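As stored in final-v4.txt (compact mmCIF, N, CA and C atoms and all ligand atoms):
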```
# COMPACT_ATOMS: atom_id res chain seq x y z
N LYS I 1 -238.06 -3.23 87.18
CA LYS I 1 -237.49 -2.12 86.40
C LYS I 1 -238.22 -1.91 85.09
N LYS I 2 -238.33 -0.65 84.70
CA LYS I 2 -238.98 -0.31 83.43
C LYS I 2 -237.95 0.29 82.47
N ILE I 3 -237.73 -0.43 81.39
CA ILE I 3 -236.74 0.00 80.39
C ILE I 3 -237.44 0.04 79.03
N ILE I 4 -237.08 1.03 78.22
CA ILE I 4 -237.64 1.08 76.86
C ILE I 4 -236.52 1.21 75.83
N ILE I 5 -236.71 0.51 74.72
CA ILE I 5 -235.84 0.67 73.55
C ILE I 5 -236.58 1.56 72.56
N ILE I 6 -235.93 2.66 72.15
CA ILE I 6 -236.51 3.54 71.14
C ILE I 6 -235.63 3.51 69.90
N ASN I 7 -236.21 3.13 68.79
CA ASN I 7 -235.48 3.08 67.53
C ASN I 7 -235.99 4.15 66.57
N GLY I 8 -235.07 4.80 65.89
CA GLY I 8 -235.41 5.88 64.97
C GLY I 8 -235.59 5.41 63.53
N PRO I 9 -235.46 6.34 62.60
CA PRO I 9 -235.84 6.13 61.21
C PRO I 9 -235.09 4.99 60.51
N ASN I 10 -235.85 4.26 59.72
CA ASN I 10 -235.37 3.17 58.86
C ASN I 10 -235.05 1.88 59.62
N LEU I 11 -235.10 1.94 60.94
CA LEU I 11 -234.78 0.73 61.70
C LEU I 11 -235.93 -0.27 61.68
N ASN I 12 -237.10 0.16 61.19
CA ASN I 12 -238.19 -0.78 60.93
C ASN I 12 -237.83 -1.72 59.77
N LEU I 13 -236.81 -1.35 59.00
CA LEU I 13 -236.40 -2.19 57.85
C LEU I 13 -235.27 -3.16 58.20
N LEU I 14 -234.92 -3.24 59.49
CA LEU I 14 -233.83 -4.15 59.88
C LEU I 14 -234.11 -5.56 59.39
N GLY I 15 -233.07 -6.19 58.84
CA GLY I 15 -233.24 -7.51 58.25
C GLY I 15 -233.30 -7.42 56.73
N LYS I 16 -233.93 -6.33 56.26
CA LYS I 16 -234.05 -6.13 54.81
C LYS I 16 -233.08 -5.08 54.31
N ARG I 17 -232.73 -4.15 55.20
CA ARG I 17 -231.98 -2.96 54.84
C ARG I 17 -230.48 -3.21 54.94
N GLU I 18 -229.73 -2.99 53.87
CA GLU I 18 -228.27 -3.10 53.88
C GLU I 18 -227.78 -4.18 54.85
N PRO I 19 -228.14 -5.44 54.58
CA PRO I 19 -227.82 -6.52 55.55
C PRO I 19 -226.33 -6.69 55.83
N THR I 20 -225.47 -6.26 54.89
CA THR I 20 -224.03 -6.39 55.17
C THR I 20 -223.60 -5.45 56.30
N ILE I 21 -224.34 -4.37 56.48
CA ILE I 21 -224.02 -3.43 57.57
C ILE I 21 -224.84 -3.75 58.82
N TYR I 22 -226.14 -4.01 58.61
CA TYR I 22 -227.04 -4.07 59.76
C TYR I 22 -227.52 -5.49 60.11
N GLY I 23 -227.06 -6.50 59.36
CA GLY I 23 -227.44 -7.87 59.66
C GLY I 23 -228.75 -8.27 59.01
N SER I 24 -229.12 -9.54 59.15
CA SER I 24 -230.31 -10.04 58.45
C SER I 24 -231.44 -10.43 59.39
N ASN I 25 -231.30 -10.05 60.66
CA ASN I 25 -232.39 -10.32 61.61
C ASN I 25 -233.33 -9.12 61.70
N SER I 26 -234.62 -9.40 61.84
CA SER I 26 -235.57 -8.31 62.05
C SER I 26 -235.50 -7.91 63.52
N PHE I 27 -235.81 -6.64 63.80
CA PHE I 27 -235.75 -6.21 65.19
C PHE I 27 -236.82 -6.90 66.02
N GLU I 28 -237.97 -7.13 65.41
CA GLU I 28 -239.09 -7.76 66.12
C GLU I 28 -238.68 -9.13 66.68
N ASP I 29 -238.01 -9.94 65.85
CA ASP I 29 -237.56 -11.27 66.30
C ASP I 29 -236.54 -11.15 67.42
N PHE I 30 -235.58 -10.23 67.22
CA PHE I 30 -234.55 -10.00 68.24
C PHE I 30 -235.18 -9.55 69.56
N PHE I 31 -236.17 -8.63 69.45
CA PHE I 31 -236.80 -8.07 70.65
C PHE I 31 -237.57 -9.15 71.43
N LYS I 32 -238.27 -10.00 70.68
CA LYS I 32 -239.03 -11.09 71.31
C LYS I 32 -238.11 -11.95 72.18
N GLU I 33 -236.94 -12.27 71.62
CA GLU I 33 -235.96 -13.11 72.30
C GLU I 33 -235.39 -12.39 73.52
N LEU I 34 -235.06 -11.10 73.34
CA LEU I 34 -234.49 -10.29 74.43
C LEU I 34 -235.48 -10.21 75.59
N LYS I 35 -236.76 -10.03 75.22
CA LYS I 35 -237.82 -9.91 76.23
C LYS I 35 -237.97 -11.22 77.02
N SER I 36 -237.91 -12.34 76.30
CA SER I 36 -238.10 -13.62 76.98
C SER I 36 -236.90 -13.97 77.87
N LYS I 37 -235.71 -13.47 77.49
CA LYS I 37 -234.50 -13.69 78.31
C LYS I 37 -234.50 -12.80 79.55
N ASN I 38 -235.34 -11.74 79.52
CA ASN I 38 -235.35 -10.77 80.62
C ASN I 38 -236.78 -10.56 81.14
N SER I 39 -237.42 -11.69 81.41
CA SER I 39 -238.85 -11.64 81.77
C SER I 39 -239.11 -10.97 83.12
N ASN I 40 -238.02 -10.76 83.89
CA ASN I 40 -238.16 -10.13 85.21
C ASN I 40 -238.28 -8.60 85.12
N ILE I 41 -238.00 -8.03 83.94
CA ILE I 41 -238.12 -6.58 83.81
C ILE I 41 -239.19 -6.21 82.79
N GLN I 42 -239.72 -4.98 82.94
CA GLN I 42 -240.72 -4.49 82.00
C GLN I 42 -239.98 -3.84 80.85
N LEU I 43 -239.92 -4.55 79.74
CA LEU I 43 -239.15 -4.07 78.59
C LEU I 43 -240.11 -3.68 77.48
N ALA I 44 -240.05 -2.40 77.08
CA ALA I 44 -240.94 -1.89 76.03
C ALA I 44 -240.12 -1.53 74.79
N TYR I 45 -240.82 -1.41 73.68
CA TYR I 45 -240.17 -1.09 72.41
C TYR I 45 -241.01 -0.10 71.62
N PHE I 46 -240.36 0.91 71.07
CA PHE I 46 -241.03 1.91 70.25
C PHE I 46 -240.14 2.24 69.06
N GLN I 47 -240.74 2.30 67.88
CA GLN I 47 -239.98 2.70 66.68
C GLN I 47 -240.78 3.77 65.94
N SER I 48 -240.07 4.79 65.46
CA SER I 48 -240.73 5.78 64.62
C SER I 48 -239.76 6.35 63.60
N ASN I 49 -240.31 6.69 62.45
CA ASN I 49 -239.52 7.36 61.41
C ASN I 49 -239.66 8.87 61.50
N ILE I 50 -240.40 9.32 62.52
CA ILE I 50 -240.76 10.74 62.62
C ILE I 50 -240.10 11.37 63.84
N GLU I 51 -239.30 12.39 63.59
CA GLU I 51 -238.50 13.04 64.65
C GLU I 51 -239.37 13.45 65.85
N GLY I 52 -240.48 14.15 65.58
CA GLY I 52 -241.34 14.64 66.66
C GLY I 52 -241.94 13.52 67.50
N GLU I 53 -242.22 12.39 66.87
CA GLU I 53 -242.78 11.25 67.63
C GLU I 53 -241.74 10.67 68.58
N ILE I 54 -240.48 10.73 68.19
CA ILE I 54 -239.40 10.24 69.06
C ILE I 54 -239.26 11.19 70.26
N ILE I 55 -239.36 12.49 69.99
CA ILE I 55 -239.29 13.49 71.06
C ILE I 55 -240.48 13.32 72.02
N ASP I 56 -241.68 13.14 71.47
CA ASP I 56 -242.87 12.92 72.31
C ASP I 56 -242.69 11.69 73.20
N LYS I 57 -242.15 10.62 72.64
CA LYS I 57 -241.96 9.38 73.42
C LYS I 57 -240.93 9.60 74.53
N LEU I 58 -239.86 10.34 74.23
CA LEU I 58 -238.85 10.63 75.26
C LEU I 58 -239.48 11.41 76.42
N HIS I 59 -240.37 12.37 76.09
CA HIS I 59 -241.06 13.14 77.14
C HIS I 59 -241.98 12.23 77.95
N GLU I 60 -242.65 11.32 77.25
CA GLU I 60 -243.63 10.43 77.90
C GLU I 60 -242.98 9.49 78.91
N VAL I 61 -241.84 8.93 78.54
CA VAL I 61 -241.20 7.92 79.40
C VAL I 61 -240.10 8.51 80.29
N GLY I 62 -239.65 9.73 79.96
CA GLY I 62 -238.42 10.28 80.52
C GLY I 62 -238.45 10.72 81.96
N PHE I 63 -239.64 10.62 82.62
CA PHE I 63 -239.72 10.98 84.04
C PHE I 63 -240.22 9.81 84.87
N ASP I 64 -240.35 8.67 84.23
CA ASP I 64 -241.04 7.55 84.84
C ASP I 64 -240.21 6.26 84.71
N TYR I 65 -239.63 6.03 83.55
CA TYR I 65 -238.87 4.80 83.31
C TYR I 65 -237.50 4.85 84.00
N ASP I 66 -236.90 3.68 84.17
CA ASP I 66 -235.58 3.59 84.80
C ASP I 66 -234.44 3.71 83.80
N GLY I 67 -234.73 3.42 82.54
CA GLY I 67 -233.68 3.52 81.53
C GLY I 67 -234.25 3.59 80.13
N ILE I 68 -233.55 4.33 79.27
CA ILE I 68 -233.92 4.43 77.86
C ILE I 68 -232.72 4.01 77.02
N ILE I 69 -232.96 3.08 76.11
CA ILE I 69 -231.95 2.65 75.15
C ILE I 69 -232.35 3.28 73.82
N LEU I 70 -231.55 4.21 73.33
CA LEU I 70 -231.95 5.02 72.17
C LEU I 70 -231.00 4.84 70.99
N ASN I 71 -231.56 4.31 69.90
CA ASN I 71 -230.85 4.36 68.62
C ASN I 71 -231.65 5.30 67.73
N ALA I 72 -231.23 6.56 67.71
CA ALA I 72 -231.95 7.58 66.94
C ALA I 72 -231.60 7.52 65.46
N ALA I 73 -230.78 6.52 65.09
CA ALA I 73 -230.38 6.31 63.69
C ALA I 73 -229.90 7.63 63.07
N ALA I 74 -230.35 7.97 61.88
CA ALA I 74 -229.82 9.15 61.19
C ALA I 74 -230.05 10.44 61.97
N TYR I 75 -231.11 10.49 62.79
CA TYR I 75 -231.38 11.71 63.57
C TYR I 75 -230.29 11.98 64.61
N THR I 76 -229.54 10.94 64.96
CA THR I 76 -228.40 11.11 65.88
C THR I 76 -227.50 12.25 65.41
N HIS I 77 -227.32 12.28 64.08
CA HIS I 77 -226.32 13.18 63.51
C HIS I 77 -226.91 14.52 63.10
N THR I 78 -228.23 14.68 63.23
CA THR I 78 -228.88 15.89 62.70
C THR I 78 -229.78 16.59 63.70
N SER I 79 -230.28 15.88 64.71
CA SER I 79 -231.41 16.43 65.47
C SER I 79 -231.02 17.12 66.78
N VAL I 80 -230.98 18.45 66.73
CA VAL I 80 -230.81 19.24 67.95
C VAL I 80 -231.99 18.97 68.88
N GLY I 81 -233.17 18.78 68.30
CA GLY I 81 -234.39 18.56 69.08
C GLY I 81 -234.34 17.30 69.92
N ILE I 82 -233.86 16.21 69.34
CA ILE I 82 -233.75 14.95 70.11
C ILE I 82 -232.65 15.09 71.16
N GLY I 83 -231.56 15.76 70.80
CA GLY I 83 -230.49 16.03 71.76
C GLY I 83 -231.01 16.81 72.96
N ASP I 84 -231.79 17.86 72.69
CA ASP I 84 -232.35 18.68 73.77
C ASP I 84 -233.33 17.88 74.62
N ALA I 85 -234.10 17.00 73.99
CA ALA I 85 -235.05 16.16 74.75
C ALA I 85 -234.30 15.25 75.71
N VAL I 86 -233.22 14.64 75.25
CA VAL I 86 -232.41 13.76 76.10
C VAL I 86 -231.85 14.55 77.28
N LYS I 87 -231.46 15.79 77.01
CA LYS I 87 -230.92 16.67 78.06
C LYS I 87 -232.00 17.03 79.07
N GLY I 88 -233.24 17.18 78.60
CA GLY I 88 -234.32 17.70 79.43
C GLY I 88 -235.04 16.70 80.31
N ILE I 89 -234.83 15.42 80.07
CA ILE I 89 -235.55 14.39 80.85
C ILE I 89 -234.69 13.88 81.99
N ASP I 90 -235.33 13.15 82.91
CA ASP I 90 -234.61 12.62 84.09
C ASP I 90 -234.01 11.24 83.85
N THR I 91 -234.71 10.41 83.08
CA THR I 91 -234.28 9.02 82.88
C THR I 91 -232.97 8.96 82.10
N PRO I 92 -232.00 8.19 82.60
CA PRO I 92 -230.73 8.06 81.86
C PRO I 92 -230.91 7.37 80.51
N VAL I 93 -230.16 7.84 79.53
CA VAL I 93 -230.23 7.32 78.15
C VAL I 93 -228.90 6.68 77.79
N VAL I 94 -228.95 5.46 77.28
CA VAL I 94 -227.77 4.85 76.66
C VAL I 94 -227.98 4.87 75.16
N GLU I 95 -227.05 5.48 74.46
CA GLU I 95 -227.11 5.58 73.00
C GLU I 95 -226.52 4.31 72.38
N VAL I 96 -227.23 3.74 71.43
CA VAL I 96 -226.76 2.52 70.77
C VAL I 96 -226.75 2.71 69.26
N HIS I 97 -225.71 2.17 68.62
CA HIS I 97 -225.69 2.04 67.15
C HIS I 97 -225.26 0.62 66.81
N ILE I 98 -225.93 0.07 65.84
CA ILE I 98 -225.65 -1.30 65.41
C ILE I 98 -224.27 -1.37 64.75
N SER I 99 -224.02 -0.41 63.88
CA SER I 99 -222.75 -0.40 63.14
C SER I 99 -221.70 0.42 63.90
N ASN I 100 -220.46 0.28 63.50
CA ASN I 100 -219.38 1.11 64.05
C ASN I 100 -219.41 2.45 63.32
N ILE I 101 -220.10 3.40 63.90
CA ILE I 101 -220.30 4.69 63.22
C ILE I 101 -218.97 5.42 62.97
N HIS I 102 -217.96 5.10 63.76
CA HIS I 102 -216.66 5.77 63.59
C HIS I 102 -215.82 5.15 62.49
N ALA I 103 -216.26 4.02 61.97
CA ALA I 103 -215.56 3.40 60.84
C ALA I 103 -216.26 3.76 59.53
N ARG I 104 -217.28 4.62 59.61
CA ARG I 104 -218.08 4.95 58.42
C ARG I 104 -217.88 6.42 58.03
N GLU I 105 -218.80 6.95 57.24
CA GLU I 105 -218.65 8.32 56.76
C GLU I 105 -218.48 9.30 57.92
N GLU I 106 -217.76 10.37 57.62
CA GLU I 106 -217.47 11.42 58.61
C GLU I 106 -218.75 11.95 59.29
N PHE I 107 -219.83 12.12 58.51
CA PHE I 107 -221.04 12.73 59.09
C PHE I 107 -221.68 11.84 60.16
N ARG I 108 -221.30 10.55 60.19
CA ARG I 108 -221.84 9.65 61.22
C ARG I 108 -221.04 9.70 62.51
N HIS I 109 -219.93 10.42 62.49
CA HIS I 109 -219.08 10.47 63.70
C HIS I 109 -219.65 11.42 64.75
N ALA I 110 -220.49 12.35 64.31
CA ALA I 110 -221.03 13.35 65.23
C ALA I 110 -222.37 12.88 65.81
N SER I 111 -222.61 13.22 67.08
CA SER I 111 -223.87 12.85 67.73
C SER I 111 -224.36 13.99 68.60
N TYR I 112 -225.64 14.35 68.42
CA TYR I 112 -226.27 15.34 69.30
C TYR I 112 -226.74 14.70 70.61
N ILE I 113 -226.68 13.38 70.68
CA ILE I 113 -227.18 12.66 71.85
C ILE I 113 -226.06 12.34 72.84
N ALA I 114 -224.90 11.96 72.29
CA ALA I 114 -223.80 11.47 73.12
C ALA I 114 -223.42 12.39 74.29
N PRO I 115 -223.37 13.73 74.10
CA PRO I 115 -222.96 14.59 75.23
C PRO I 115 -223.88 14.47 76.45
N ASN I 116 -225.11 14.04 76.22
CA ASN I 116 -226.07 13.95 77.32
C ASN I 116 -226.45 12.50 77.64
N ALA I 117 -225.77 11.57 77.03
CA ALA I 117 -226.05 10.15 77.27
C ALA I 117 -225.19 9.67 78.45
N LYS I 118 -225.69 8.61 79.09
CA LYS I 118 -224.92 7.96 80.15
C LYS I 118 -223.71 7.26 79.54
N GLY I 119 -223.90 6.72 78.36
CA GLY I 119 -222.84 6.04 77.65
C GLY I 119 -223.28 5.73 76.24
N VAL I 120 -222.34 5.29 75.42
CA VAL I 120 -222.62 5.00 74.02
C VAL I 120 -222.04 3.63 73.67
N ILE I 121 -222.83 2.82 72.99
CA ILE I 121 -222.37 1.50 72.56
C ILE I 121 -222.56 1.41 71.06
N PHE I 122 -221.50 1.11 70.31
CA PHE I 122 -221.65 1.01 68.85
C PHE I 122 -220.72 -0.06 68.29
N GLY I 123 -221.15 -0.67 67.19
CA GLY I 123 -220.29 -1.60 66.47
C GLY I 123 -220.48 -3.06 66.82
N PHE I 124 -221.39 -3.38 67.73
CA PHE I 124 -221.58 -4.77 68.16
C PHE I 124 -222.85 -5.40 67.62
N GLY I 125 -223.40 -4.80 66.57
CA GLY I 125 -224.63 -5.35 66.00
C GLY I 125 -225.77 -5.23 66.99
N LEU I 126 -226.75 -6.13 66.86
CA LEU I 126 -227.92 -6.07 67.75
C LEU I 126 -227.54 -6.35 69.20
N GLN I 127 -226.40 -7.01 69.40
CA GLN I 127 -225.93 -7.30 70.77
C GLN I 127 -225.75 -6.02 71.58
N GLY I 128 -225.52 -4.91 70.88
CA GLY I 128 -225.37 -3.62 71.55
C GLY I 128 -226.56 -3.27 72.43
N TYR I 129 -227.76 -3.65 71.97
CA TYR I 129 -228.97 -3.36 72.77
C TYR I 129 -228.96 -4.18 74.06
N GLU I 130 -228.45 -5.41 73.95
CA GLU I 130 -228.38 -6.30 75.11
C GLU I 130 -227.36 -5.76 76.12
N LEU I 131 -226.24 -5.26 75.60
CA LEU I 131 -225.20 -4.68 76.47
C LEU I 131 -225.75 -3.43 77.17
N ALA I 132 -226.50 -2.64 76.43
CA ALA I 132 -227.10 -1.42 77.00
C ALA I 132 -228.07 -1.81 78.12
N LEU I 133 -228.86 -2.85 77.86
CA LEU I 133 -229.82 -3.32 78.86
C LEU I 133 -229.09 -3.77 80.13
N GLN I 134 -228.01 -4.52 79.95
CA GLN I 134 -227.22 -4.99 81.09
C GLN I 134 -226.70 -3.82 81.91
N SER I 135 -226.36 -2.72 81.23
CA SER I 135 -225.81 -1.55 81.94
C SER I 135 -226.84 -0.96 82.90
N PHE I 136 -228.12 -1.20 82.64
CA PHE I 136 -229.17 -0.68 83.52
C PHE I 136 -229.54 -1.65 84.64
N LEU I 137 -229.04 -2.89 84.56
CA LEU I 137 -229.50 -3.92 85.53
C LEU I 137 -228.51 -4.10 86.69
C1 LIG E 201 -227.24 3.62 62.94
C2 LIG E 201 -226.11 4.44 62.33
C3 LIG E 201 -226.63 5.69 61.67
O1 LIG E 201 -225.56 6.45 61.13
C4 LIG E 201 -227.58 5.33 60.53
O2 LIG E 201 -228.14 6.51 59.99
C5 LIG E 201 -228.64 4.38 60.95
C6 LIG E 201 -228.33 3.32 61.91
C7 LIG E 201 -226.76 2.27 63.50
O3 LIG E 201 -227.50 1.68 64.28
O4 LIG E 201 -225.68 1.79 63.13
O5 LIG E 201 -229.77 4.43 60.44
O6 LIG E 201 -227.81 4.35 64.02
```
Can I see the file as structure tokens?
Ligand code: DQA
Amino acid sequence: KKIIIINGPNLNLLGKREPTIYGSNSFEDFFKELKSKNSNIQLAYFQSNIEGEIIDKLHEVGFDYDGIILNAAAYTHTSVGIGDAVKGIDTPVVEVHISNIHAREEFRHASYIAPNAKGVIFGFGLQGYELALQSFL
């Protein structure tokens, strides 16, 4: 199976950024561990702070991969373009958020991705990515 994790803006700062909300582990360390625990599948990782690059990546993998785990971060709440890309591709998308977005500011409650996602996982920290991965296996 071919699965990709796509992370959006500011998630390159995981571990350093607001650790009380997002934890103190870097995504790279977490990903290394996740990959070694799931060596039977082809697990890829892509991060970008640029909306168009996330859309390009969705187009690139969206007709070929078996699953996409997408944390579009702040673009979740703003990007019609990423929402449309998720709608336009064949590969199922599971939306993930590290924090409980519904326990936070009102503007984080809305998602342009959720209506076209297979499912949404939020509030379980980095474990959410692992749960999303399990949903594809
Ligand atoms: C986030 C939640 C978003 O509201 C926020 O903009 C992020 C991260 C999360 O994983 O909890 O950058 O997607």
* **Exercise: residues within 7 Å of coordinate (-237.0, 11.5, 61.9), counting all atoms listed in the file, as a PyMOL selection string** => chain I and resi 8-9+48-52+75
Show me, as an mmCIF file with N, CA and C atoms, in the frame of the given file, the residues that have an atom within 7 Å of Val93 (chain I) when counting all atoms listed in the file, minus same-chain residues fewer than 3 positions from it.
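Written out: part_0.cif:
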```cif
data_model
loop_
_atom_site.group_PDB
_atom_site.id
_atom_site.type_symbol
_atom_site.label_atom_id
_atom_site.label_comp_id
_atom_site.auth_asym_id
_atom_site.auth_seq_id
_atom_site.Cartn_x
_atom_site.Cartn_y
_atom_site.Cartn_z
ATOM 1 N N GLY I 67 -234.730 3.420 82.540
ATOM 2 C CA GLY I 67 -233.680 3.520 81.530
ATOM 3 C C GLY I 67 -234.250 3.590 80.130
ATOM 4 N N ILE I 68 -233.550 4.330 79.270
ATOM 5 C CA ILE I 68 -233.920 4.430 77.860
ATOM 6 C C ILE I 68 -232.720 4.010 77.020
ATOM 7 N N ILE I 69 -232.960 3.080 76.110
ATOM 8 C CA ILE I 69 -231.950 2.650 75.150
ATOM 9 C C ILE I 69 -232.350 3.280 73.820
ATOM 10 N N LEU I 70 -231.550 4.210 73.330
ATOM 11 C CA LEU I 70 -231.950 5.020 72.170
ATOM 12 C C LEU I 70 -231.000 4.840 70.990
ATOM 13 N N ASP I 90 -235.330 13.150 82.910
ATOM 14 C CA ASP I 90 -234.610 12.620 84.090
ATOM 15 C C ASP I 90 -234.010 11.240 83.850
ATOM 16 N N ASN I 116 -225.110 14.040 76.220
ATOM 17 C CA ASN I 116 -226.070 13.950 77.320
ATOM 18 C C ASN I 116 -226.450 12.500 77.640
ATOM 19 N N ALA I 117 -225.770 11.570 77.030
ATOM 20 C CA ALA I 117 -226.050 10.150 77.270
ATOM 21 C C ALA I 117 -225.190 9.670 78.450
ATOM 22 N N LYS I 118 -225.690 8.610 79.090
ATOM 23 C CA LYS I 118 -224.920 7.960 80.150
ATOM 24 C C LYS I 118 -223.710 7.260 79.540
ATOM 25 N N GLY I 119 -223.900 6.720 78.360
ATOM 26 C CA GLY I 119 -222.840 6.040 77.650
ATOM 27 C C GLY I 119 -223.280 5.730 76.240
#
```
* With distances taken over all atoms listed in the file, which of I:Gln127, I:Asn25, I:Asn40, I:Thr76 is nearest to ligand LIG 201 (chain E)? ->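 Counting all atoms listed in the file, the residue closest to ligand LIG 201 (chain E) is I:Thr76.
Within region 60-124 of chain I, the backbone-based DSSP assignment of alpha helix (DSSP H) covers Glu60, Val61, Val80, Gly81, Ile82, Gly83, Asp84, Ala85, Val86, Lys87 and Gly88 of chain I.
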* **Residue list (strand (DSSP E or B), DSSP) for chain I, as a ChimeraX atom specification** => /I:2-7,42-47,67-71,93-97,119-122
Export, as an mmCIF file, keeping the file's coordinate frame, the selected residues with N, CA and C atoms.
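What follows is the written file part_38.cif:
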```
data_model
loop_
_atom_site.group_PDB
_atom_site.id
_atom_site.type_symbol
_atom_site.label_atom_id
_atom_site.label_comp_id
_atom_site.auth_asym_id
_atom_site.auth_seq_id
_atom_site.Cartn_x
_atom_site.Cartn_y
_atom_site.Cartn_z
ATOM 1 N N LYS I 2 -238.330 -0.650 84.700
ATOM 2 C CA LYS I 2 -238.980 -0.310 83.430
ATOM 3 C C LYS I 2 -237.950 0.290 82.470
ATOM 4 N N ILE I 3 -237.730 -0.430 81.390
ATOM 5 C CA ILE I 3 -236.740 0.000 80.390
ATOM 6 C C ILE I 3 -237.440 0.040 79.030
ATOM 7 N N ILE I 4 -237.080 1.030 78.220
ATOM 8 C CA ILE I 4 -237.640 1.080 76.860
ATOM 9 C C ILE I 4 -236.520 1.210 75.830
ATOM 10 N N ILE I 5 -236.710 0.510 74.720
ATOM 11 C CA ILE I 5 -235.840 0.670 73.550
ATOM 12 C C ILE I 5 -236.580 1.560 72.560
ATOM 13 N N ILE I 6 -235.930 2.660 72.150
ATOM 14 C CA ILE I 6 -236.510 3.540 71.140
ATOM 15 C C ILE I 6 -235.630 3.510 69.900
ATOM 16 N N ASN I 7 -236.210 3.130 68.790
ATOM 17 C CA ASN I 7 -235.480 3.080 67.530
ATOM 18 C C ASN I 7 -235.990 4.150 66.570
ATOM 19 N N GLN I 42 -239.720 -4.980 82.940
ATOM 20 C CA GLN I 42 -240.720 -4.490 82.000
ATOM 21 C C GLN I 42 -239.980 -3.840 80.850
ATOM 22 N N LEU I 43 -239.920 -4.550 79.740
ATOM 23 C CA LEU I 43 -239.150 -4.070 78.590
ATOM 24 C C LEU I 43 -240.110 -3.680 77.480
ATOM 25 N N ALA I 44 -240.050 -2.400 77.080
ATOM 26 C CA ALA I 44 -240.940 -1.890 76.030
ATOM 27 C C ALA I 44 -240.120 -1.530 74.790
ATOM 28 N N TYR I 45 -240.820 -1.410 73.680
ATOM 29 C CA TYR I 45 -240.170 -1.090 72.410
ATOM 30 C C TYR I 45 -241.010 -0.100 71.620
ATOM 31 N N PHE I 46 -240.360 0.910 71.070
ATOM 32 C CA PHE I 46 -241.030 1.910 70.250
ATOM 33 C C PHE I 46 -240.140 2.240 69.060
ATOM 34 N N GLN I 47 -240.740 2.300 67.880
ATOM 35 C CA GLN I 47 -239.980 2.700 66.680
ATOM 36 C C GLN I 47 -240.780 3.770 65.940
ATOM 37 N N GLY I 67 -234.730 3.420 82.540
ATOM 38 C CA GLY I 67 -233.680 3.520 81.530
ATOM 39 C C GLY I 67 -234.250 3.590 80.130
ATOM 40 N N ILE I 68 -233.550 4.330 79.270
ATOM 41 C CA ILE I 68 -233.920 4.430 77.860
ATOM 42 C C ILE I 68 -232.720 4.010 77.020
ATOM 43 N N ILE I 69 -232.960 3.080 76.110
ATOM 44 C CA ILE I 69 -231.950 2.650 75.150
ATOM 45 C C ILE I 69 -232.350 3.280 73.820
ATOM 46 N N LEU I 70 -231.550 4.210 73.330
ATOM 47 C CA LEU I 70 -231.950 5.020 72.170
ATOM 48 C C LEU I 70 -231.000 4.840 70.990
ATOM 49 N N ASN I 71 -231.560 4.310 69.900
ATOM 50 C CA ASN I 71 -230.850 4.360 68.620
ATOM 51 C C ASN I 71 -231.650 5.300 67.730
ATOM 52 N N VAL I 93 -230.160 7.840 79.530
ATOM 53 C CA VAL I 93 -230.230 7.320 78.150
ATOM 54 C C VAL I 93 -228.900 6.680 77.790
ATOM 55 N N VAL I 94 -228.950 5.460 77.280
ATOM 56 C CA VAL I 94 -227.770 4.850 76.660
ATOM 57 C C VAL I 94 -227.980 4.870 75.160
ATOM 58 N N GLU I 95 -227.050 5.480 74.460
ATOM 59 C CA GLU I 95 -227.110 5.580 73.000
ATOM 60 C C GLU I 95 -226.520 4.310 72.380
ATOM 61 N N VAL I 96 -227.230 3.740 71.430
ATOM 62 C CA VAL I 96 -226.760 2.520 70.770
ATOM 63 C C VAL I 96 -226.750 2.710 69.260
ATOM 64 N N HIS I 97 -225.710 2.170 68.620
ATOM 65 C CA HIS I 97 -225.690 2.040 67.150
ATOM 66 C C HIS I 97 -225.260 0.620 66.810
ATOM 67 N N GLY I 119 -223.900 6.720 78.360
ATOM 68 C CA GLY I 119 -222.840 6.040 77.650
ATOM 69 C C GLY I 119 -223.280 5.730 76.240
ATOM 70 N N VAL I 120 -222.340 5.290 75.420
ATOM 71 C CA VAL I 120 -222.620 5.000 74.020
ATOM 72 C C VAL I 120 -222.040 3.630 73.670
ATOM 73 N N ILE I 121 -222.830 2.820 72.990
ATOM 74 C CA ILE I 121 -222.370 1.500 72.560
ATOM 75 C C ILE I 121 -222.560 1.410 71.060
ATOM 76 N N PHE I 122 -221.500 1.110 70.310
ATOM 77 C CA PHE I 122 -221.650 1.010 68.850
ATOM 78 C C PHE I 122 -220.720 -0.060 68.290
#
```
* Would you list the residues that come within 6.5 Å of ligand LIG 201 (chain E)? Count all atoms listed in the file and give the answer as number ranges by chain. => I: 9-11, 71-75, 96-101, 108
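Proximity to Gly123 (chain I) was assessed for I:Asp64, I:Glu106, I:Glu95, I:Asp29 counting only C-alpha atoms; the smallest distance is recorded for I:Glu95.
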* So, counting all atoms listed in the file, which residue among I:Ile121, I:Ile113, I:Ile21, I:Val61 is closest to His77 (chain I)? -> I:Ile113
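Note that atom C of Tyr45 (chain I) and CA of Ile4 (chain I) are 6.3 Å apart.
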* Asked: How far is it from atom N of Lys2 (chain I) to atom N of Ile41 (chain I), in Å with one decimal?
  ->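 Straight-line distance from atom N of Lys2 (chain I) to atom N of Ile41 (chain I) works out to 7.4 Å.
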* **Of the listed residues I:Tyr129, I:Phe27, I:Phe63, I:Tyr112, that which approaches Ile82 (chain I) most closely, counting only C-alpha atoms** =>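 Under the stated criterion, the closest residue is I:Tyr112.
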* Asked: Mind pulling up the distance from CA of Phe136 (chain I) to CA of Leu43 (chain I)?
  ->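 That distance, rounded to one decimal, is 11.6 Å.
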